[in-house]
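Structure file upload.cif with mmCIF, C-alpha atoms:
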data_work
loop_
_atom_site.label_atom_id
_atom_site.label_comp_id
_atom_site.auth_asym_id
_atom_site.auth_seq_id
_atom_site.Cartn_x
_atom_site.Cartn_y
_atom_site.Cartn_z
CA MET A 3 31.12 -21.95 -18.17
CA SER A 4 29.60 -19.34 -20.49
CA LEU A 5 26.07 -20.72 -20.03
CA CYS A 6 26.45 -20.86 -16.26
CA CYS A 7 27.78 -17.30 -16.13
CA SER A 8 24.97 -16.09 -18.39
CA LEU A 9 22.28 -17.78 -16.28
CA LYS A 10 23.80 -16.47 -13.06
CA CYS A 11 23.97 -12.91 -14.44
CA MET A 12 20.33 -13.08 -15.54
CA PHE A 13 19.30 -14.49 -12.17
CA ILE A 14 21.21 -11.82 -10.24
CA PHE A 15 19.76 -9.08 -12.46
CA PHE A 16 16.22 -10.35 -11.85
CA ASN A 17 16.92 -10.70 -8.15
CA ALA A 18 18.20 -7.12 -7.99
CA LEU A 19 14.86 -5.93 -9.44
CA PHE A 20 13.05 -8.20 -7.00
CA LEU A 21 15.05 -6.74 -4.09
CA ALA A 22 14.36 -3.19 -5.28
CA SER A 23 10.60 -3.89 -5.43
CA GLY A 24 10.70 -5.23 -1.86
CA VAL A 25 12.51 -2.15 -0.56
CA ALA A 26 10.07 0.07 -2.50
CA LEU A 27 7.05 -1.65 -0.91
CA ILE A 28 8.55 -1.23 2.58
CA THR A 29 9.18 2.47 1.92
CA ILE A 30 5.72 3.11 0.46
CA GLY A 31 4.03 1.21 3.27
CA ALA A 32 5.96 3.13 5.93
CA LEU A 33 5.20 6.49 4.28
CA GLN A 34 1.52 5.67 3.84
CA TYR A 35 1.00 4.22 7.33
CA THR A 36 0.45 7.61 8.99
CA THR A 37 -1.97 8.65 6.25
CA TYR A 38 -4.00 5.45 6.60
CA LEU A 39 -3.96 5.83 10.38
CA GLN A 40 -5.43 9.32 10.05
CA ILE A 41 -7.95 8.18 7.45
CA GLY A 42 -8.94 5.49 9.95
CA THR A 43 -10.37 8.28 12.11
CA PHE A 44 -12.85 8.91 9.33
CA ALA A 45 -13.27 5.53 7.68
CA GLY A 46 -12.36 2.88 10.26
CA SER A 47 -9.20 1.87 12.13
CA SER A 48 -8.62 -1.28 10.04
CA LEU A 49 -7.46 0.75 7.04
CA SER A 50 -3.96 1.09 8.50
CA LYS A 51 -3.64 -2.68 7.95
CA ILE A 52 -3.23 -2.00 4.22
CA ALA A 53 0.06 -0.23 4.94
CA VAL A 54 1.10 -3.00 7.37
CA VAL A 55 0.45 -5.62 4.66
CA LEU A 56 2.58 -3.64 2.17
CA ILE A 57 5.44 -3.50 4.69
CA ALA A 58 5.13 -7.23 5.49
CA VAL A 59 5.12 -8.19 1.80
CA GLY A 60 8.11 -5.91 1.18
CA ILE A 61 10.10 -7.50 4.01
CA THR A 62 9.26 -11.01 2.76
CA ILE A 63 10.30 -10.16 -0.79
CA THR A 64 13.55 -8.58 0.44
CA LEU A 65 14.51 -11.60 2.57
CA VAL A 66 13.66 -14.08 -0.19
CA SER A 67 15.66 -12.02 -2.69
CA LEU A 68 18.70 -11.99 -0.40
CA MET A 69 18.46 -15.78 -0.08
CA GLY A 70 18.41 -16.07 -3.86
CA HIS A 71 21.48 -13.82 -4.17
CA LEU A 72 23.33 -15.87 -1.56
CA GLY A 73 22.42 -19.14 -3.28
CA ALA A 74 23.65 -17.83 -6.64
CA PHE A 75 26.95 -16.50 -5.29
CA LEU A 76 27.66 -19.70 -3.35
CA ASN A 77 26.45 -21.95 -6.21
CA ASN A 78 24.16 -23.61 -3.67
CA SER A 79 21.38 -25.41 -5.54
CA THR A 80 19.41 -26.07 -2.32
CA MET A 81 19.13 -22.37 -1.51
CA VAL A 82 18.15 -21.56 -5.10
CA ALA A 83 15.55 -24.35 -5.00
CA TRP A 84 14.08 -22.95 -1.78
CA PHE A 85 14.08 -19.51 -3.38
CA ILE A 86 12.07 -20.90 -6.31
CA CYS A 87 9.54 -22.67 -4.07
CA ILE A 88 8.95 -19.60 -1.91
CA LEU A 89 8.73 -17.40 -5.00
CA ILE A 90 6.01 -19.63 -6.46
CA VAL A 91 4.02 -19.27 -3.22
CA ILE A 92 4.50 -15.47 -3.35
CA ILE A 93 3.30 -15.41 -6.97
CA MET A 94 0.12 -17.29 -6.05
CA CYS A 95 -0.51 -14.92 -3.13
CA GLU A 96 0.06 -11.87 -5.33
CA VAL A 97 -2.32 -13.12 -8.01
CA ALA A 98 -4.95 -13.86 -5.34
CA THR A 99 -4.43 -10.40 -3.80
CA GLY A 100 -4.66 -8.67 -7.18
CA ALA A 101 -7.86 -10.56 -7.97
CA PHE A 102 -9.30 -9.68 -4.55
CA PHE A 103 -8.68 -5.95 -5.06
CA TYR A 104 -10.18 -6.16 -8.54
CA VAL A 105 -13.32 -7.87 -7.19
CA PHE A 106 -13.43 -5.39 -4.30
CA ARG A 107 -13.93 -2.66 -6.88
CA SER A 108 -17.25 -4.25 -7.84
CA ARG A 109 -20.43 -2.30 -7.25
CA THR A 110 -21.56 -4.26 -4.18
CA ALA A 111 -18.21 -3.93 -2.37
CA VAL A 112 -17.95 -0.24 -3.18
CA LEU A 113 -21.47 0.40 -1.90
CA GLN A 114 -20.68 -1.42 1.36
CA MET A 115 -17.50 0.60 1.77
CA ASN A 116 -19.41 3.80 1.00
CA GLY A 117 -21.97 3.10 3.73
CA ALA A 118 -19.28 2.40 6.33
CA ILE A 119 -17.26 5.51 5.46
CA ASN A 120 -20.33 7.76 5.34
CA ALA A 121 -21.57 6.73 8.78
CA LYS A 122 -18.12 6.87 10.39
CA ALA A 123 -17.12 10.26 8.92
CA ARG A 124 -20.40 12.00 9.76
CA GLY A 125 -20.26 10.71 13.32
CA VAL A 126 -16.64 11.80 13.81
CA VAL A 127 -17.29 15.34 12.52
CA SER A 128 -20.44 15.60 14.62
CA ASP A 129 -18.61 14.53 17.81
CA TYR A 130 -15.30 16.33 17.06
CA SER A 131 -13.89 14.76 20.22
CA PRO A 132 -10.60 16.19 21.60
CA GLU A 133 -8.62 12.98 20.98
CA ARG A 134 -9.56 12.99 17.29
CA ARG A 135 -9.28 16.67 16.48
CA HIS A 136 -5.64 16.57 15.39
CA ALA A 137 -6.30 13.69 12.97
CA ILE A 138 -9.42 15.40 11.58
CA ASN A 139 -7.52 18.63 10.97
CA ARG A 140 -4.65 16.74 9.30
CA ILE A 141 -7.10 14.94 7.01
CA GLN A 142 -8.77 18.21 6.01
CA GLU A 143 -5.39 19.77 5.24
CA LYS A 144 -3.97 16.75 3.40
CA PHE A 145 -7.03 16.03 1.25
CA LYS A 146 -8.03 19.70 0.84
CA CYS A 147 -11.55 19.09 2.10
CA CYS A 148 -13.90 20.36 4.78
CA GLY A 149 -16.31 18.39 6.97
CA ALA A 150 -17.78 15.02 6.04
CA ASP A 151 -20.03 16.11 3.15
CA GLY A 152 -19.00 19.77 3.13
CA GLY A 153 -18.34 22.84 5.27
CA ASP A 154 -21.97 23.04 6.42
CA ASP A 155 -21.38 19.96 8.59
CA TRP A 156 -19.55 22.14 11.12
CA SER A 157 -22.69 24.22 11.73
CA LYS A 158 -24.34 21.02 13.07
CA SER A 159 -21.34 19.59 14.93
CA VAL A 160 -21.82 19.03 18.66
CA GLY A 161 -18.10 19.19 19.42
CA TRP A 162 -17.48 22.33 17.33
CA GLU A 163 -18.94 25.25 19.27
CA ASN A 164 -18.68 28.11 16.75
CA HIS A 165 -21.35 27.11 14.24
CA GLU A 166 -20.82 30.32 12.26
CA ALA A 167 -17.26 29.27 11.40
CA VAL A 168 -15.22 26.22 10.35
CA PRO A 169 -11.84 24.93 11.63
CA ASP A 170 -8.84 26.76 10.16
CA SER A 171 -7.73 23.43 8.63
CA CYS A 172 -10.62 23.84 6.16
CA CYS A 173 -9.16 27.01 4.65
CA VAL A 174 -7.73 27.09 1.15
CA VAL A 175 -5.15 29.62 2.34
CA LYS A 176 -4.16 28.87 5.94
CA SER A 177 -3.91 31.64 8.54
CA ASP A 178 -5.00 32.10 12.15
CA GLY A 179 -8.74 32.67 12.30
CA CYS A 180 -9.27 32.13 8.56
CA GLY A 181 -12.13 29.72 9.35
CA GLN A 182 -14.24 32.58 10.71
CA ASN A 183 -15.21 33.28 7.11
CA LYS A 184 -16.76 30.14 5.56
CA GLN A 185 -16.02 31.49 2.10
CA ASN A 186 -12.35 30.69 2.73
CA ALA A 187 -13.07 26.96 3.16
CA TYR A 188 -12.83 24.11 0.68
CA SER A 189 -16.20 23.23 -0.82
CA LYS A 190 -15.39 19.52 -1.18
CA GLY A 191 -16.29 17.16 1.66
CA CYS A 192 -13.73 14.72 3.05
CA ILE A 193 -15.89 11.64 2.35
CA SER A 194 -15.59 12.02 -1.43
CA ALA A 195 -11.87 12.88 -1.18
CA ILE A 196 -11.11 9.81 0.96
CA LYS A 197 -13.15 7.47 -1.27
CA LEU A 198 -11.27 8.65 -4.36
CA PHE A 199 -7.93 8.16 -2.57
CA LEU A 200 -8.85 4.64 -1.39
CA LEU A 201 -10.15 3.47 -4.76
CA LYS A 202 -7.02 4.74 -6.52
CA ASN A 203 -4.89 2.93 -3.96
CA LEU A 204 -6.85 -0.31 -4.37
CA VAL A 205 -6.35 -0.18 -8.13
CA TRP A 206 -2.66 0.62 -7.67
CA VAL A 207 -2.04 -2.21 -5.17
CA GLY A 208 -3.90 -4.72 -7.37
CA ALA A 209 -1.97 -3.67 -10.48
CA VAL A 210 1.39 -3.85 -8.66
CA CYS A 211 0.61 -7.35 -7.35
CA ILE A 212 -0.26 -8.64 -10.83
CA ALA A 213 2.77 -6.93 -12.43
CA LEU A 214 5.12 -8.38 -9.81
CA ALA A 215 3.63 -11.86 -10.26
CA VAL A 216 4.12 -11.74 -14.04
CA THR A 217 7.72 -10.54 -13.64
CA GLU A 218 8.45 -13.18 -11.01
CA VAL A 219 7.38 -15.97 -13.36
CA PHE A 220 10.46 -15.18 -15.47
CA GLY A 221 12.50 -15.27 -12.26
CA VAL A 222 11.23 -18.76 -11.52
CA VAL A 223 12.16 -19.95 -15.02
CA VAL A 224 15.69 -18.49 -14.78
CA GLY A 225 16.02 -19.85 -11.22
CA VAL A 226 15.08 -23.37 -12.31
CA CYS A 227 17.61 -23.23 -15.16
CA LEU A 228 20.33 -21.98 -12.79
CA CYS A 229 19.50 -24.63 -10.18
CA LEU A 230 19.72 -27.43 -12.76
CA ASP A 231 22.97 -26.03 -14.12
CA ILE A 232 24.51 -25.86 -10.62
CA LYS A 233 23.47 -29.47 -9.97
CA ARG A 234 24.88 -30.58 -13.32
CA LYS A 235 28.21 -28.92 -12.51
CA SER A 236 28.25 -30.61 -9.09
CA TYR A 237 27.71 -34.07 -10.67
CA GLU A 238 30.46 -33.39 -13.19
CA ASN A 239 32.89 -32.41 -10.43
CA ILE A 240 32.03 -35.53 -8.42
CA SER A 241 32.55 -37.80 -11.41
#

Would you mind writing the file's structure down as structure tokens?
Amino acid sequence: MSLCCSLKCMFIFFNALFLASGVALITIGALQYTTYLQIGTFAGSSLSKIAVVLIAVGITITLVSLMGHLGAFLNNSTMVAWFICILIVIIMCEVATGAFFYVFRSRTAVLQMNGAINAKARGVVSDYSPERRHAINRIQEKFKCCGADGGDDWSKSVGWENHEAVPDSCCVVKSDGCGQNKQNAYSKGCISAIKLFLLKNLVWVGAVCIALAVTEVFGVVVGVCLCLDIKRKSYENIS
């Protein structure tokens, strides 16, 4: 009885951490979705998929964790066994994802990403189309940057008519008409700010995936022990 209780307590404790990580991923993904959507205006629309993947992984982890909790409370070895199998698949996916993000940081991948972001951002600032203006202004405010490579980009923008000024969203201290004086604008371009943000996020996502996978290995071990103990108790009751 003591061993069974101890295993169940360990399993529930691990599962609580697992559940918390799932909820955290859903929350982070939801909060970051808007940011990635706005960055997509500069760097490509597919970037918002990163946030969608985080939300999807979080939901999967949460559902699997709830199944594990239910199996432990009901002493159902089948549910615990399914929990273990699914968890092993999740671990393999997380390790593969972590490795992918690590490889993506290689020089070739970074250079390819740089080329895509550079071309997209310069084109967007040059066009400054009405449907993208809100997103561009939000990016400049959020990342404290101005233009693609710098404030001078606005003097060559086709969509921005006042070439002697910059949008007010470029200003360090925001006020109506502050962009009329270019000295009030951020000197940093949005390309460099976005690249730094993306690379930090890639490192963070890769590290989280690996850390979760390592932690979940202990969950698999405890789950196997609990599953075997539940089955042993069932056989004893039958006999």

Practice task
Using all atoms listed in the file, determine which residues lie at most 7 Å from Val174 (chain A), disregarding the query and same-chain residues fewer than 5 positions distant; provide the list as a ChimeraX atom specification.
Solution key: /A:186-188

Exercise for the section: Have a look at A:Ile41, A:Gly125, A:Asn77, A:Val205 and name the one nearest to Lys235 (chain A); count all atoms listed in the file. Expected result: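 Nearest candidate to Lys235 (chain A) out of A:Ile41, A:Gly125, A:Asn77, A:Val205: A:Asn77.
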
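When the PyMOL selection byres ((chain A and resi 146) around 9) is run on the displayed coordinates, the residues it returns are Ile141, Gln142, Glu143, Lys144, Phe145, Cys147, Cys148, Ser171, Cys172, Cys173, Val174, Tyr188, Lys190, Gly191, Cys192 and Ala195 of chain A.
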
Dig up all the protein and nucleic acid residues within 10 Å of (18.9, -17.9, -14.5) in the file frame, using only C-alpha atoms, and format them as an mmCIF file with C-alpha atoms, keeping the file's coordinate frame.
data_model
loop_
_atom_site.group_PDB
_atom_site.id
_atom_site.type_symbol
_atom_site.label_atom_id
_atom_site.label_comp_id
_atom_site.auth_asym_id
_atom_site.auth_seq_id
_atom_site.Cartn_x
_atom_site.Cartn_y
_atom_site.Cartn_z
ATOM 1 C CA LEU A 5 26.070 -20.720 -20.030
ATOM 2 C CA CYS A 6 26.450 -20.860 -16.260
ATOM 3 C CA CYS A 7 27.780 -17.300 -16.130
ATOM 4 C CA SER A 8 24.970 -16.090 -18.390
ATOM 5 C CA LEU A 9 22.280 -17.780 -16.280
ATOM 6 C CA LYS A 10 23.800 -16.470 -13.060
ATOM 7 C CA CYS A 11 23.970 -12.910 -14.440
ATOM 8 C CA MET A 12 20.330 -13.080 -15.540
ATOM 9 C CA PHE A 13 19.300 -14.490 -12.170
ATOM 10 C CA ILE A 14 21.210 -11.820 -10.240
ATOM 11 C CA PHE A 15 19.760 -9.080 -12.460
ATOM 12 C CA PHE A 16 16.220 -10.350 -11.850
ATOM 13 C CA ASN A 17 16.920 -10.700 -8.150
ATOM 14 C CA ALA A 74 23.650 -17.830 -6.640
ATOM 15 C CA PHE A 220 10.460 -15.180 -15.470
ATOM 16 C CA GLY A 221 12.500 -15.270 -12.260
ATOM 17 C CA VAL A 222 11.230 -18.760 -11.520
ATOM 18 C CA VAL A 223 12.160 -19.950 -15.020
ATOM 19 C CA VAL A 224 15.690 -18.490 -14.780
ATOM 20 C CA GLY A 225 16.020 -19.850 -11.220
ATOM 21 C CA VAL A 226 15.080 -23.370 -12.310
ATOM 22 C CA CYS A 227 17.610 -23.230 -15.160
ATOM 23 C CA LEU A 228 20.330 -21.980 -12.790
ATOM 24 C CA CYS A 229 19.500 -24.630 -10.180
ATOM 25 C CA LEU A 230 19.720 -27.430 -12.760
ATOM 26 C CA ASP A 231 22.970 -26.030 -14.120
#

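Closest to Ile88 (chain A) among A:Glu218, A:Val126, A:Gly31, A:Ile232 is A:Glu218, based on only C-alpha atoms.
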
Evaluate the PyMOL selection byres ((chain A and resi 151-155) around 10) against this structure - the residues, as a PDB file with C-alpha atoms, in the frame of the given file, please.
ATOM      1  CA  ASN A 120     -20.330   7.760   5.340  1.00  0.00           C
ATOM      2  CA  ALA A 123     -17.120  10.260   8.920  1.00  0.00           C
ATOM      3  CA  ARG A 124     -20.400  12.000   9.760  1.00  0.00           C
ATOM      4  CA  VAL A 127     -17.290  15.340  12.520  1.00  0.00           C
ATOM      5  CA  SER A 128     -20.440  15.600  14.620  1.00  0.00           C
ATOM      6  CA  CYS A 147     -11.550  19.090   2.100  1.00  0.00           C
ATOM      7  CA  CYS A 148     -13.900  20.360   4.780  1.00  0.00           C
ATOM      8  CA  GLY A 149     -16.310  18.390   6.970  1.00  0.00           C
ATOM      9  CA  ALA A 150     -17.780  15.020   6.040  1.00  0.00           C
ATOM     10  CA  TRP A 156     -19.550  22.140  11.120  1.00  0.00           C
ATOM     11  CA  SER A 157     -22.690  24.220  11.730  1.00  0.00           C
ATOM     12  CA  LYS A 158     -24.340  21.020  13.070  1.00  0.00           C
ATOM     13  CA  SER A 159     -21.340  19.590  14.930  1.00  0.00           C
ATOM     14  CA  TRP A 162     -17.480  22.330  17.330  1.00  0.00           C
ATOM     15  CA  HIS A 165     -21.350  27.110  14.240  1.00  0.00           C
ATOM     16  CA  GLU A 166     -20.820  30.320  12.260  1.00  0.00           C
ATOM     17  CA  ALA A 167     -17.260  29.270  11.400  1.00  0.00           C
ATOM     18  CA  VAL A 168     -15.220  26.220  10.350  1.00  0.00           C
ATOM     19  CA  PRO A 169     -11.840  24.930  11.630  1.00  0.00           C
ATOM     20  CA  CYS A 172     -10.620  23.840   6.160  1.00  0.00           C
ATOM     21  CA  LYS A 184     -16.760  30.140   5.560  1.00  0.00           C
ATOM     22  CA  GLN A 185     -16.020  31.490   2.100  1.00  0.00           C
ATOM     23  CA  ALA A 187     -13.070  26.960   3.160  1.00  0.00           C
ATOM     24  CA  TYR A 188     -12.830  24.110   0.680  1.00  0.00           C
ATOM     25  CA  SER A 189     -16.200  23.230  -0.820  1.00  0.00           C
ATOM     26  CA  LYS A 190     -15.390  19.520  -1.180  1.00  0.00           C
ATOM     27  CA  GLY A 191     -16.290  17.160   1.660  1.00  0.00           C
ATOM     28  CA  CYS A 192     -13.730  14.720   3.050  1.00  0.00           C
ATOM     29  CA  ILE A 193     -15.890  11.640   2.350  1.00  0.00           C
ATOM     30  CA  SER A 194     -15.590  12.020  -1.430  1.00  0.00           C
ATOM     31  CA  ALA A 195     -11.870  12.880  -1.180  1.00  0.00           C
TER      32      ALA A 195
END

Any chance you could build region 188-199 of chain A out to N, CA, C and O atoms and write it as a compact mmCIF listing (two decimals), in the frame of the given file?
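Here's the written file selection_17.txt:
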# COMPACT_ATOMS: atom_id res chain seq x y z
N TYR A 188 -12.65 25.02 1.82
CA TYR A 188 -12.83 24.11 0.68
C TYR A 188 -14.31 23.73 0.58
O TYR A 188 -14.98 23.54 1.59
N SER A 189 -14.79 23.60 -0.63
CA SER A 189 -16.20 23.23 -0.82
C SER A 189 -16.38 21.71 -0.79
O SER A 189 -17.46 21.21 -0.48
N LYS A 190 -15.31 20.99 -1.10
CA LYS A 190 -15.39 19.52 -1.18
C LYS A 190 -15.39 18.90 0.21
O LYS A 190 -14.64 19.30 1.09
N GLY A 191 -16.26 17.90 0.41
CA GLY A 191 -16.29 17.16 1.66
C GLY A 191 -15.21 16.09 1.70
O GLY A 191 -14.74 15.63 0.65
N CYS A 192 -14.82 15.68 2.91
CA CYS A 192 -13.73 14.72 3.05
C CYS A 192 -14.14 13.29 2.67
O CYS A 192 -13.28 12.48 2.33
N ILE A 193 -15.43 12.99 2.72
CA ILE A 193 -15.89 11.64 2.35
C ILE A 193 -15.52 11.35 0.90
O ILE A 193 -14.94 10.31 0.59
N SER A 194 -15.87 12.25 0.00
CA SER A 194 -15.59 12.02 -1.43
C SER A 194 -14.09 11.99 -1.69
O SER A 194 -13.60 11.19 -2.50
N ALA A 195 -13.33 12.85 -0.99
CA ALA A 195 -11.87 12.88 -1.18
C ALA A 195 -11.23 11.58 -0.72
O ALA A 195 -10.34 11.03 -1.39
N ILE A 196 -11.67 11.05 0.43
CA ILE A 196 -11.11 9.81 0.96
C ILE A 196 -11.47 8.62 0.08
O ILE A 196 -10.64 7.75 -0.19
N LYS A 197 -12.72 8.58 -0.40
CA LYS A 197 -13.15 7.47 -1.27
C LYS A 197 -12.31 7.42 -2.54
O LYS A 197 -11.88 6.35 -2.98
N LEU A 198 -12.07 8.59 -3.13
CA LEU A 198 -11.27 8.65 -4.36
C LEU A 198 -9.85 8.15 -4.08
O LEU A 198 -9.29 7.37 -4.86
N PHE A 199 -9.28 8.58 -2.96
CA PHE A 199 -7.93 8.16 -2.57
C PHE A 199 -7.87 6.64 -2.38
O PHE A 199 -6.94 5.98 -2.87
